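For reference, the structure discussed in these notes is given below.
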Amino acid sequence: MSPNYILKRIALIFYTLLVVSLIVFAITQILPADAAVMMLGENATDQALDALRQRMGLNDPVWMQYAHWLIGIVQGNFGTSLRTGQPVGPVMFEALGRSLLLALLSITFMLILAIPLGIIAAIRRGRVADMLVSLISYVGVSLPEFVTATVAVLLFADWLKWLPPTGYVPLTENFGSAIAHLTLPVFVISIILIAHVSRMVRSELIDVLHADYIRSARLKGLSGSSVLMGHALRNALLPTITIVALDVGYLLGGVIVVEEIFAIPGIGRQLIVAIQARDLPAIQAGVLIMAATYSIVNFLADMLYAALDKRIQYD
Amino acid sequence: MTEFLKRLLRTPQGAIGVAIVGLVLLVVIIGPWVAPHDPESLAPLQRYKGSSLTYLLGTDQYGRDIFSRLLIGARATVIMAMLATLAGTVVGALIGTTSAFLGGRADEAIMRTIDAVMSIPSLLFALLVVNLLGSSIVNALVAVAVAFAPGMARITRSVALSVRKQDYINAAIARGESARFVIVREMLPNVIAPIIVEMTIRVSFAVMLFATLSFLGLGAQPPAAEWGLMVSEARRYMHLSAGILIWPSIAIALVAIGFNLLGDGLRDALNPRA
């Protein structure tokens, strides 16, 4: 992997953010919301509104507003929320932290379940176990998060009373309670990912098991399990890194719904609140931070892939 | 064609997918005529009923017949999902083919921009578009189509590029076939097949995305019998009667599973090598 390639990938991240910032700015510009009216209320005098518009730069040409916004972000200033009057950046990054915790736990839980399921399905290809895994994965990819979340709350919180229905407790405050509150959200987010990734692991492993080097390993007398563990798995699991990274976009979408249902103060819930209140600076910052997260995760995944797979020579 | 249908029905995915999607389309067409009750008539004395002969799947929080509501809601959910997918595919296919046709730097620039757009999760993109246009079913359709277009563009482009490189295309050109023949008879059938597969699978995503938008209050509005909206409204009353929640959830899942299976079945049938 040449430094040239890494630089090119980093430049691409900036290009991505530039495109996303243009889209978000365009969308929020067209939105029929007057920031000055939102801040001062419907009954404000025209004079007061004019003064505020002047101060906020709302009378400037659009490209100048965009430039001011972009320069602000580069300096770490994402603007001020129209709803709360607080700076948007710190609020969004704090919320992002909670969402990342949720996402990381979900990915871990997903990998623990999806990889063994995929392996079992591949080894027992065409038998009952394989059918069962594909049945589970078909049902899994077909259930939207809001359905699984609602049913899970009904089942585990209302009926069985095993887990709290909604809410968020910081890990540092009360570890046990925090984990109890995170269990259902993590479970719900993982379902679609488990279904997707276990199918990928299955098909990758089936491909790898047909490769010549696996046949020669078998012919030289290695046992089935050491062929699987020592030869096949490593190559079958590598593409999973890319799949999981691409799924992060889907994961972030799921996080939005799950945070809304379970009342977790993460970036998804902040975004929904901002969208409903037409809080333009908050929407802009939230979408940009989400897109940045996605790009950075995919960049890291590419680097990890290249580091683990010596055959790959990016240039 | 019959040969193809036979191949499709021979795989378990294809057979079950055809059965489910067939049933769903039947409900979409005849649903409103066979619904035993008015989906919007309120019956305060008949609330939270369980399954019975009068109310096959019970009644909801306003005493409305859940079975009738599901039959009528199928139109809102399924037709919208199919239209949105089709619209997203057409736009995406145009962008993708253009990009593949232009090639070189233009192709590179278009694809990097598409990648950039795809870094916004499709649900979030759809939320932004609906918020921009206002919540309604038609705007939700536009939002889902816009959210799908970049992904379809990427797929169309890669399919078009790989087909262009195939030997049979070069052979046709070497034979001296006209450009029209090469494009219409050789390239198009091979480009369309994978796109139809991808489209079928995406209908199930669209059903889920639509239902999610309605669930978040940004798609269909009450008292519409849209399935996602039904789940959303059921949340407050689910401890009184689980049926209000369970039946629309099953309906959404069934449609999504059906289109997923059909898509996989089509892929196997169109691609006999695999």
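Ligands are numbered from 1 in the order shown, residues from 1 within each chain, and chains are lettered A, B, ... in the order they appear in the structure tokens.
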
Note to self: Using only C-alpha atoms, I'd like every residue of chain B that has an atom within 9 Å of chain A; please write them out as a count of residues only.
What the structure shows: 47

Next item on the list: Quick one: pull the distance between atom CA of Ile194 of chain A and atom CA of Met110 of chain A, Å, one decimal.
Entry: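 Separation of atom CA of Ile194 of chain A and atom CA of Met110 of chain A: 5.3 Å.
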
Item checked: Spatial neighbours of Gln65 of chain A, max dist 12 Å, only C-alpha atoms, sep filter under 4 positions, as number ranges by chain -> A: 22, 25-26, 28-29, 53-54, 56-61, 69-72, 79

Filtering to C-alpha atoms, could you give me those residues as a PDB file, in the first residue's frame?
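Result file is result_18.pdb:
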ATOM      1  CA  LEU A  22     -23.372  21.013  -0.678  1.00  0.00           C
ATOM      2  CA  PHE A  25     -26.815  23.114   2.491  1.00  0.00           C
ATOM      3  CA  ALA A  26     -28.965  23.057  -0.640  1.00  0.00           C
ATOM      4  CA  THR A  28     -31.732  23.293   4.171  1.00  0.00           C
ATOM      5  CA  GLN A  29     -31.714  26.425   2.005  1.00  0.00           C
ATOM      6  CA  ARG A  53     -31.208  38.561   9.852  1.00  0.00           C
ATOM      7  CA  GLN A  54     -28.488  41.156   9.342  1.00  0.00           C
ATOM      8  CA  MET A  56     -26.930  36.168  11.290  1.00  0.00           C
ATOM      9  CA  GLY A  57     -25.896  36.953   7.723  1.00  0.00           C
ATOM     10  CA  LEU A  58     -29.225  35.743   6.316  1.00  0.00           C
ATOM     11  CA  ASN A  59     -29.325  38.711   3.912  1.00  0.00           C
ATOM     12  CA  ASP A  60     -26.001  37.726   2.338  1.00  0.00           C
ATOM     13  CA  PRO A  61     -25.968  35.917  -1.018  1.00  0.00           C
ATOM     14  CA  TRP A  69     -20.753  27.962   7.193  1.00  0.00           C
ATOM     15  CA  LEU A  70     -17.907  25.899   5.692  1.00  0.00           C
ATOM     16  CA  ILE A  71     -15.199  28.132   7.153  1.00  0.00           C
ATOM     17  CA  GLY A  72     -16.917  27.897  10.525  1.00  0.00           C
ATOM     18  CA  GLY A  79     -23.205  27.020  14.322  1.00  0.00           C
TER      19      GLY A  79
END

So that I can check the surroundings of Leu209 of chain A, please list as a compact mmCIF listing (two decimals) with all heavy atoms, in the first residue's frame every protein, DNA and RNA residue that reaches within 12 Å of it, counting only C-alpha atoms and ignoring chain neighbours fewer than 4 positions away.
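Output contents, as saved in part_38.txt:
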# COMPACT_ATOMS: atom_id res chain seq x y z
N ILE A 119 -20.56 -20.10 9.04
CA ILE A 119 -19.68 -21.27 8.91
C ILE A 119 -20.49 -22.56 8.94
O ILE A 119 -20.31 -23.44 8.10
CB ILE A 119 -18.62 -21.28 10.05
CG1 ILE A 119 -17.71 -20.05 9.93
CG2 ILE A 119 -17.81 -22.55 10.02
CD1 ILE A 119 -16.75 -19.90 11.07
N ALA A 122 -22.28 -23.08 5.74
CA ALA A 122 -21.41 -23.45 4.62
C ALA A 122 -20.98 -24.91 4.72
O ALA A 122 -20.96 -25.64 3.73
CB ALA A 122 -20.20 -22.53 4.58
N ILE A 123 -20.62 -25.34 5.95
CA ILE A 123 -20.15 -26.73 6.11
C ILE A 123 -21.28 -27.71 5.88
O ILE A 123 -21.10 -28.76 5.27
CB ILE A 123 -19.56 -26.94 7.52
CG1 ILE A 123 -18.41 -25.98 7.76
CG2 ILE A 123 -19.06 -28.36 7.70
CD1 ILE A 123 -17.89 -26.03 9.16
N ARG A 125 -23.81 -27.43 3.99
CA ARG A 125 -24.52 -26.89 2.83
C ARG A 125 -25.59 -27.86 2.31
O ARG A 125 -25.32 -29.03 2.09
CB ARG A 125 -23.52 -26.62 1.71
CG ARG A 125 -24.10 -25.91 0.56
CD ARG A 125 -23.07 -25.73 -0.51
NE ARG A 125 -23.66 -25.07 -1.66
CZ ARG A 125 -23.08 -25.01 -2.83
NH1 ARG A 125 -21.92 -25.56 -3.03
NH2 ARG A 125 -23.69 -24.40 -3.83
N VAL A 201 -20.76 -14.62 4.77
CA VAL A 201 -19.75 -15.57 5.25
C VAL A 201 -19.99 -16.93 4.61
O VAL A 201 -19.06 -17.59 4.15
CB VAL A 201 -19.79 -15.67 6.79
CG1 VAL A 201 -18.91 -16.80 7.28
CG2 VAL A 201 -19.35 -14.36 7.41
N ARG A 202 -21.26 -17.35 4.55
CA ARG A 202 -21.59 -18.64 3.97
C ARG A 202 -21.10 -18.72 2.52
O ARG A 202 -20.39 -19.65 2.15
CB ARG A 202 -23.10 -18.86 4.02
CG ARG A 202 -23.55 -20.10 3.28
CD ARG A 202 -25.07 -20.20 3.28
NE ARG A 202 -25.52 -21.39 2.57
CZ ARG A 202 -25.73 -21.44 1.26
NH1 ARG A 202 -25.53 -20.37 0.52
NH2 ARG A 202 -26.14 -22.55 0.69
N SER A 203 -21.45 -17.70 1.70
CA SER A 203 -21.11 -17.82 0.28
C SER A 203 -19.61 -17.68 0.06
O SER A 203 -19.04 -18.37 -0.79
CB SER A 203 -21.91 -16.83 -0.56
OG SER A 203 -21.51 -15.53 -0.28
N GLU A 204 -18.94 -16.82 0.85
CA GLU A 204 -17.48 -16.70 0.72
C GLU A 204 -16.80 -18.03 1.07
O GLU A 204 -15.90 -18.48 0.37
CB GLU A 204 -16.94 -15.61 1.67
CG GLU A 204 -17.27 -14.19 1.25
CD GLU A 204 -16.60 -13.79 -0.05
OE1 GLU A 204 -15.59 -14.41 -0.40
OE2 GLU A 204 -17.11 -12.86 -0.71
N LEU A 205 -17.25 -18.63 2.18
CA LEU A 205 -16.62 -19.86 2.64
C LEU A 205 -16.85 -20.98 1.63
O LEU A 205 -15.94 -21.78 1.36
CB LEU A 205 -17.16 -20.24 4.02
CG LEU A 205 -16.46 -21.40 4.73
CD1 LEU A 205 -14.97 -21.15 4.83
CD2 LEU A 205 -17.03 -21.61 6.12
N TYR A 213 -6.16 -24.80 -3.32
CA TYR A 213 -5.25 -24.98 -2.18
C TYR A 213 -5.94 -25.70 -1.03
O TYR A 213 -5.30 -26.35 -0.22
CB TYR A 213 -4.65 -23.64 -1.73
CG TYR A 213 -5.60 -22.71 -1.02
CD1 TYR A 213 -5.64 -22.69 0.37
CD2 TYR A 213 -6.43 -21.85 -1.72
CE1 TYR A 213 -6.49 -21.82 1.04
CE2 TYR A 213 -7.29 -20.99 -1.07
CZ TYR A 213 -7.32 -20.97 0.31
OH TYR A 213 -8.15 -20.13 0.96
N ILE A 214 -7.26 -25.62 -0.98
CA ILE A 214 -8.01 -26.38 0.03
C ILE A 214 -7.97 -27.86 -0.33
O ILE A 214 -7.76 -28.73 0.52
CB ILE A 214 -9.47 -25.89 0.11
CG1 ILE A 214 -9.52 -24.44 0.59
CG2 ILE A 214 -10.29 -26.78 1.02
CD1 ILE A 214 -9.07 -24.26 2.01
N ARG A 215 -8.11 -28.16 -1.63
CA ARG A 215 -8.08 -29.55 -2.05
C ARG A 215 -6.71 -30.15 -1.76
O ARG A 215 -6.60 -31.27 -1.24
CB ARG A 215 -8.40 -29.66 -3.54
CG ARG A 215 -8.92 -31.04 -3.91
CD ARG A 215 -9.26 -31.11 -5.36
NE ARG A 215 -8.16 -30.55 -6.17
CZ ARG A 215 -8.24 -30.36 -7.48
NH1 ARG A 215 -9.36 -30.67 -8.11
NH2 ARG A 215 -7.24 -29.87 -8.16
N SER A 216 -5.66 -29.38 -2.02
CA SER A 216 -4.34 -29.97 -1.75
C SER A 216 -4.10 -30.14 -0.26
O SER A 216 -3.45 -31.10 0.16
CB SER A 216 -3.23 -29.15 -2.41
OG SER A 216 -3.40 -27.79 -2.15
N ALA A 217 -4.66 -29.24 0.56
CA ALA A 217 -4.52 -29.40 2.00
C ALA A 217 -5.22 -30.67 2.46
O ALA A 217 -4.72 -31.43 3.29
CB ALA A 217 -5.11 -28.19 2.73
N ARG A 218 -6.40 -30.93 1.87
CA ARG A 218 -7.13 -32.16 2.21
C ARG A 218 -6.33 -33.38 1.75
O ARG A 218 -6.19 -34.36 2.46
CB ARG A 218 -8.49 -32.17 1.50
CG ARG A 218 -9.50 -31.26 2.15
CD ARG A 218 -10.86 -31.95 2.29
NE ARG A 218 -11.77 -31.05 2.98
CZ ARG A 218 -12.53 -30.17 2.33
NH1 ARG A 218 -12.51 -30.11 1.02
NH2 ARG A 218 -13.32 -29.38 3.01
N GLY A 224 -10.32 -32.30 8.65
CA GLY A 224 -11.30 -31.31 8.19
C GLY A 224 -11.23 -30.03 8.99
O GLY A 224 -11.25 -28.93 8.42
N VAL A 227 -8.10 -27.93 8.18
CA VAL A 227 -8.23 -27.28 6.87
C VAL A 227 -9.09 -26.03 7.02
O VAL A 227 -8.77 -24.95 6.54
CB VAL A 227 -8.87 -28.24 5.84
CG1 VAL A 227 -9.24 -27.49 4.56
CG2 VAL A 227 -7.92 -29.37 5.52
N LEU A 228 -10.21 -26.21 7.77
CA LEU A 228 -11.14 -25.11 7.93
C LEU A 228 -10.51 -23.96 8.70
O LEU A 228 -10.50 -22.81 8.26
CB LEU A 228 -12.38 -25.63 8.67
CG LEU A 228 -13.51 -24.63 8.83
CD1 LEU A 228 -14.17 -24.39 7.49
CD2 LEU A 228 -14.53 -25.14 9.84
N MET A 229 -9.93 -24.29 9.87
CA MET A 229 -9.40 -23.24 10.74
C MET A 229 -8.14 -22.61 10.15
O MET A 229 -7.97 -21.41 10.16
CB MET A 229 -9.07 -23.82 12.13
CG MET A 229 -10.30 -24.25 12.90
SD MET A 229 -11.40 -22.85 13.19
CE MET A 229 -12.79 -23.65 13.93
N HIS A 231 -6.74 -22.91 6.98
CA HIS A 231 -6.63 -22.52 5.58
C HIS A 231 -7.83 -21.72 5.07
O HIS A 231 -7.67 -20.71 4.41
CB HIS A 231 -6.45 -23.76 4.70
CG HIS A 231 -5.15 -24.44 4.91
ND1 HIS A 231 -4.87 -25.18 6.04
CD2 HIS A 231 -4.04 -24.49 4.14
CE1 HIS A 231 -3.64 -25.65 5.95
NE2 HIS A 231 -3.11 -25.25 4.81
N ALA A 232 -9.03 -22.23 5.34
CA ALA A 232 -10.19 -21.65 4.66
C ALA A 232 -10.68 -20.37 5.34
O ALA A 232 -10.90 -19.36 4.68
CB ALA A 232 -11.31 -22.68 4.61
N LEU A 233 -10.82 -20.41 6.67
CA LEU A 233 -11.49 -19.31 7.36
C LEU A 233 -10.86 -17.96 7.12
O LEU A 233 -11.54 -16.98 6.85
CB LEU A 233 -11.53 -19.58 8.87
CG LEU A 233 -12.82 -20.22 9.36
CD1 LEU A 233 -12.85 -20.22 10.87
CD2 LEU A 233 -14.02 -19.48 8.81
N ARG A 234 -9.52 -17.92 7.21
CA ARG A 234 -8.82 -16.66 7.09
C ARG A 234 -9.20 -15.95 5.80
O ARG A 234 -9.55 -14.77 5.79
CB ARG A 234 -7.33 -16.91 7.14
CG ARG A 234 -6.50 -15.67 7.23
CD ARG A 234 -5.03 -16.01 7.08
NE ARG A 234 -4.35 -14.87 6.52
CZ ARG A 234 -3.71 -13.97 7.26
NH1 ARG A 234 -3.68 -14.09 8.55
NH2 ARG A 234 -3.13 -12.94 6.70
N ASN A 235 -9.19 -16.68 4.71
CA ASN A 235 -9.50 -16.06 3.43
C ASN A 235 -10.99 -15.79 3.26
O ASN A 235 -11.38 -14.87 2.56
CB ASN A 235 -9.00 -16.93 2.28
CG ASN A 235 -7.50 -16.82 2.14
OD1 ASN A 235 -6.96 -15.72 2.24
ND2 ASN A 235 -6.84 -17.94 1.95
N ALA A 236 -11.81 -16.64 3.89
CA ALA A 236 -13.25 -16.44 3.74
C ALA A 236 -13.72 -15.23 4.54
O ALA A 236 -14.66 -14.55 4.16
CB ALA A 236 -14.00 -17.69 4.18

Next item on the list: Write out as a list in words each polymer residue whose atoms come within 12 Å of Glu40 of chain B, counting only C-alpha atoms; drop sequence neighbours fewer than 6 positions from it.
Entry: Thr59, Asp60, Gln61, Tyr62, Gly63, Arg64, Asp65, Ile66, Phe67, Ser68, Arg69, Leu70, Ile72, Gly73, Pro222, Pro223, Ala224, Ala225 and Glu226 of chain B

Suppose we keep C-alpha atoms; can you now write the selection as an mmCIF file, in the first residue's frame?
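Produced file out-v8.cif, reproduced below:
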data_model
loop_
_atom_site.group_PDB
_atom_site.id
_atom_site.type_symbol
_atom_site.label_atom_id
_atom_site.label_comp_id
_atom_site.auth_asym_id
_atom_site.auth_seq_id
_atom_site.Cartn_x
_atom_site.Cartn_y
_atom_site.Cartn_z
ATOM 1 C CA THR B 59 -60.201 -5.152 15.889
ATOM 2 C CA ASP B 60 -57.959 -2.194 16.758
ATOM 3 C CA GLN B 61 -58.127 0.656 19.271
ATOM 4 C CA TYR B 62 -61.069 2.252 17.451
ATOM 5 C CA GLY B 63 -62.925 -0.995 16.779
ATOM 6 C CA ARG B 64 -61.840 -1.069 13.125
ATOM 7 C CA ASP B 65 -61.428 -4.457 11.483
ATOM 8 C CA ILE B 66 -57.685 -5.200 11.239
ATOM 9 C CA PHE B 67 -58.063 -7.729 8.392
ATOM 10 C CA SER B 68 -59.920 -5.200 6.214
ATOM 11 C CA ARG B 69 -57.381 -2.507 7.006
ATOM 12 C CA LEU B 70 -54.512 -4.814 5.992
ATOM 13 C CA ILE B 72 -56.798 -2.099 1.815
ATOM 14 C CA GLY B 73 -53.429 -0.907 3.119
ATOM 15 C CA PRO B 222 -53.926 8.892 9.904
ATOM 16 C CA PRO B 223 -56.514 7.503 9.396
ATOM 17 C CA ALA B 224 -54.900 5.865 6.331
ATOM 18 C CA ALA B 225 -54.544 2.088 6.567
ATOM 19 C CA GLU B 226 -50.804 2.122 5.755
#

Margin query: Please return, as an MDAnalysis selection string, all residues of segment 142-188 of chain B that DSSP assigns to alpha helix (DSSP H) on the basis of the backbone.
Written below: chainID B and resid 142:164 167:174 179:181 188

Convert the current residue selection to file output with N, CA, C and O atoms, as a short mmCIF file (atom, residue, chain, number, x, y, z; two decimals), in the first residue's frame.
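New file result-v3.cif:
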data_model
loop_
_atom_site.label_atom_id
_atom_site.label_comp_id
_atom_site.auth_asym_id
_atom_site.auth_seq_id
_atom_site.Cartn_x
_atom_site.Cartn_y
_atom_site.Cartn_z
N VAL B 142 -41.15 10.01 -3.72
CA VAL B 142 -40.01 10.73 -4.31
C VAL B 142 -38.77 10.51 -3.43
O VAL B 142 -37.68 10.24 -3.95
N ALA B 143 -38.96 10.58 -2.11
CA ALA B 143 -37.82 10.45 -1.20
C ALA B 143 -37.16 9.09 -1.34
O ALA B 143 -35.92 8.99 -1.41
N VAL B 144 -37.97 8.03 -1.40
CA VAL B 144 -37.40 6.68 -1.52
C VAL B 144 -36.70 6.53 -2.87
O VAL B 144 -35.61 5.97 -2.96
N ALA B 145 -37.32 7.06 -3.93
CA ALA B 145 -36.71 6.98 -5.26
C ALA B 145 -35.35 7.69 -5.26
O ALA B 145 -34.36 7.16 -5.77
N VAL B 146 -35.30 8.89 -4.67
CA VAL B 146 -34.04 9.64 -4.62
C VAL B 146 -33.00 8.87 -3.81
O VAL B 146 -31.83 8.79 -4.19
N ALA B 147 -33.45 8.25 -2.72
CA ALA B 147 -32.51 7.51 -1.88
C ALA B 147 -31.96 6.27 -2.59
O ALA B 147 -30.84 5.85 -2.32
N PHE B 148 -32.74 5.70 -3.51
CA PHE B 148 -32.31 4.48 -4.20
C PHE B 148 -31.44 4.74 -5.42
O PHE B 148 -30.66 3.90 -5.83
N ALA B 149 -31.62 5.91 -6.04
CA ALA B 149 -30.98 6.17 -7.33
C ALA B 149 -29.44 5.96 -7.31
O ALA B 149 -28.92 5.31 -8.22
N PRO B 150 -28.71 6.49 -6.31
CA PRO B 150 -27.25 6.32 -6.36
C PRO B 150 -26.81 4.86 -6.37
O PRO B 150 -25.94 4.48 -7.15
N GLY B 151 -27.44 4.03 -5.54
CA GLY B 151 -27.08 2.61 -5.49
C GLY B 151 -27.33 1.94 -6.83
O GLY B 151 -26.51 1.15 -7.31
N MET B 152 -28.47 2.25 -7.44
CA MET B 152 -28.79 1.64 -8.73
C MET B 152 -27.82 2.12 -9.80
O MET B 152 -27.46 1.37 -10.70
N ALA B 153 -27.42 3.39 -9.72
CA ALA B 153 -26.47 3.92 -10.70
C ALA B 153 -25.17 3.13 -10.64
O ALA B 153 -24.61 2.74 -11.67
N ARG B 154 -24.70 2.88 -9.42
CA ARG B 154 -23.46 2.15 -9.24
C ARG B 154 -23.55 0.75 -9.84
O ARG B 154 -22.65 0.30 -10.55
N ILE B 155 -24.67 0.07 -9.56
CA ILE B 155 -24.84 -1.30 -10.05
C ILE B 155 -24.94 -1.33 -11.57
O ILE B 155 -24.27 -2.12 -12.23
N THR B 156 -25.77 -0.43 -12.14
CA THR B 156 -25.93 -0.40 -13.59
C THR B 156 -24.59 -0.18 -14.27
O THR B 156 -24.27 -0.82 -15.27
N ARG B 157 -23.82 0.75 -13.72
CA ARG B 157 -22.53 1.06 -14.34
C ARG B 157 -21.63 -0.17 -14.36
O ARG B 157 -21.06 -0.52 -15.39
N SER B 158 -21.54 -0.86 -13.21
CA SER B 158 -20.60 -1.99 -13.16
C SER B 158 -21.09 -3.11 -14.08
O SER B 158 -20.28 -3.76 -14.74
N VAL B 159 -22.41 -3.31 -14.14
CA VAL B 159 -22.93 -4.35 -15.03
C VAL B 159 -22.65 -3.98 -16.49
O VAL B 159 -22.16 -4.80 -17.27
N ALA B 160 -22.92 -2.71 -16.84
CA ALA B 160 -22.72 -2.28 -18.23
C ALA B 160 -21.25 -2.43 -18.63
O ALA B 160 -20.94 -2.91 -19.72
N LEU B 161 -20.35 -2.04 -17.72
CA LEU B 161 -18.91 -2.14 -18.03
C LEU B 161 -18.49 -3.59 -18.23
O LEU B 161 -17.75 -3.91 -19.15
N SER B 162 -18.99 -4.48 -17.34
CA SER B 162 -18.53 -5.86 -17.43
C SER B 162 -19.13 -6.53 -18.68
O SER B 162 -18.47 -7.36 -19.31
N VAL B 163 -20.36 -6.16 -19.04
CA VAL B 163 -20.94 -6.74 -20.25
C VAL B 163 -20.18 -6.28 -21.49
O VAL B 163 -19.89 -7.05 -22.39
N ARG B 164 -19.82 -5.01 -21.48
CA ARG B 164 -19.11 -4.44 -22.64
C ARG B 164 -17.82 -5.19 -22.93
O ARG B 164 -17.40 -5.32 -24.07
N ASP B 167 -16.58 -11.38 -24.37
CA ASP B 167 -16.13 -11.81 -25.69
C ASP B 167 -17.24 -11.77 -26.73
O ASP B 167 -17.02 -11.45 -27.89
N TYR B 168 -18.49 -12.13 -26.30
CA TYR B 168 -19.54 -12.20 -27.31
C TYR B 168 -19.87 -10.82 -27.88
O TYR B 168 -20.35 -10.71 -29.00
N ILE B 169 -19.60 -9.78 -27.11
CA ILE B 169 -19.82 -8.43 -27.63
C ILE B 169 -18.75 -8.14 -28.69
O ILE B 169 -19.04 -7.68 -29.80
N ASN B 170 -17.50 -8.43 -28.32
CA ASN B 170 -16.41 -8.22 -29.28
C ASN B 170 -16.63 -9.05 -30.54
O ASN B 170 -16.37 -8.60 -31.66
N ALA B 171 -17.15 -10.29 -30.32
CA ALA B 171 -17.41 -11.16 -31.46
C ALA B 171 -18.46 -10.54 -32.38
O ALA B 171 -18.31 -10.55 -33.61
N ALA B 172 -19.50 -9.98 -31.76
CA ALA B 172 -20.57 -9.38 -32.57
C ALA B 172 -20.04 -8.19 -33.35
O ALA B 172 -20.37 -8.01 -34.53
N ILE B 173 -19.17 -7.39 -32.69
CA ILE B 173 -18.59 -6.24 -33.38
C ILE B 173 -17.70 -6.73 -34.52
O ILE B 173 -17.76 -6.22 -35.65
N ALA B 174 -16.91 -7.80 -34.23
CA ALA B 174 -16.00 -8.33 -35.25
C ALA B 174 -16.76 -8.90 -36.44
O ALA B 174 -16.30 -8.85 -37.57
N ALA B 179 -24.25 -1.21 -34.71
CA ALA B 179 -24.21 -0.79 -33.31
C ALA B 179 -25.55 -1.06 -32.65
O ALA B 179 -25.63 -1.49 -31.50
N ARG B 180 -26.62 -0.82 -33.41
CA ARG B 180 -27.96 -1.04 -32.90
C ARG B 180 -28.17 -2.49 -32.50
O ARG B 180 -28.68 -2.79 -31.43
N PHE B 181 -27.71 -3.41 -33.36
CA PHE B 181 -27.86 -4.83 -33.06
C PHE B 181 -27.08 -5.18 -31.80
O PHE B 181 -27.57 -5.87 -30.90
N LEU B 188 -28.26 -5.24 -24.14
CA LEU B 188 -29.42 -4.94 -23.32
C LEU B 188 -29.94 -6.13 -22.51
O LEU B 188 -30.12 -6.01 -21.29
#

Check: Got a sec: who's within 10 Å of Ala269 of chain B, counting only C-alpha atoms, leaving out chain neighbours fewer than 4 positions off, as JSON, numbers by chain?
Finding: {"B": [3, 4, 5, 6, 7, 8, 9, 10, 11, 14, 263, 264, 265, 273, 274]}

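Between atom CA of Leu262 of chain B and atom CA of Ile16 of chain B lies a distance of 7.5 Å.
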
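One finds atom CA of Leu213 of chain B at 8.1 Å from atom CA of Ala126 of chain B.
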
Note to self: Measuring between only C-alpha atoms, which one of B:Met82, B:Ile95, B:Val191, B:Ile20 shows the shortest distance to Asp107 of chain B?
What the structure shows: B:Ile95
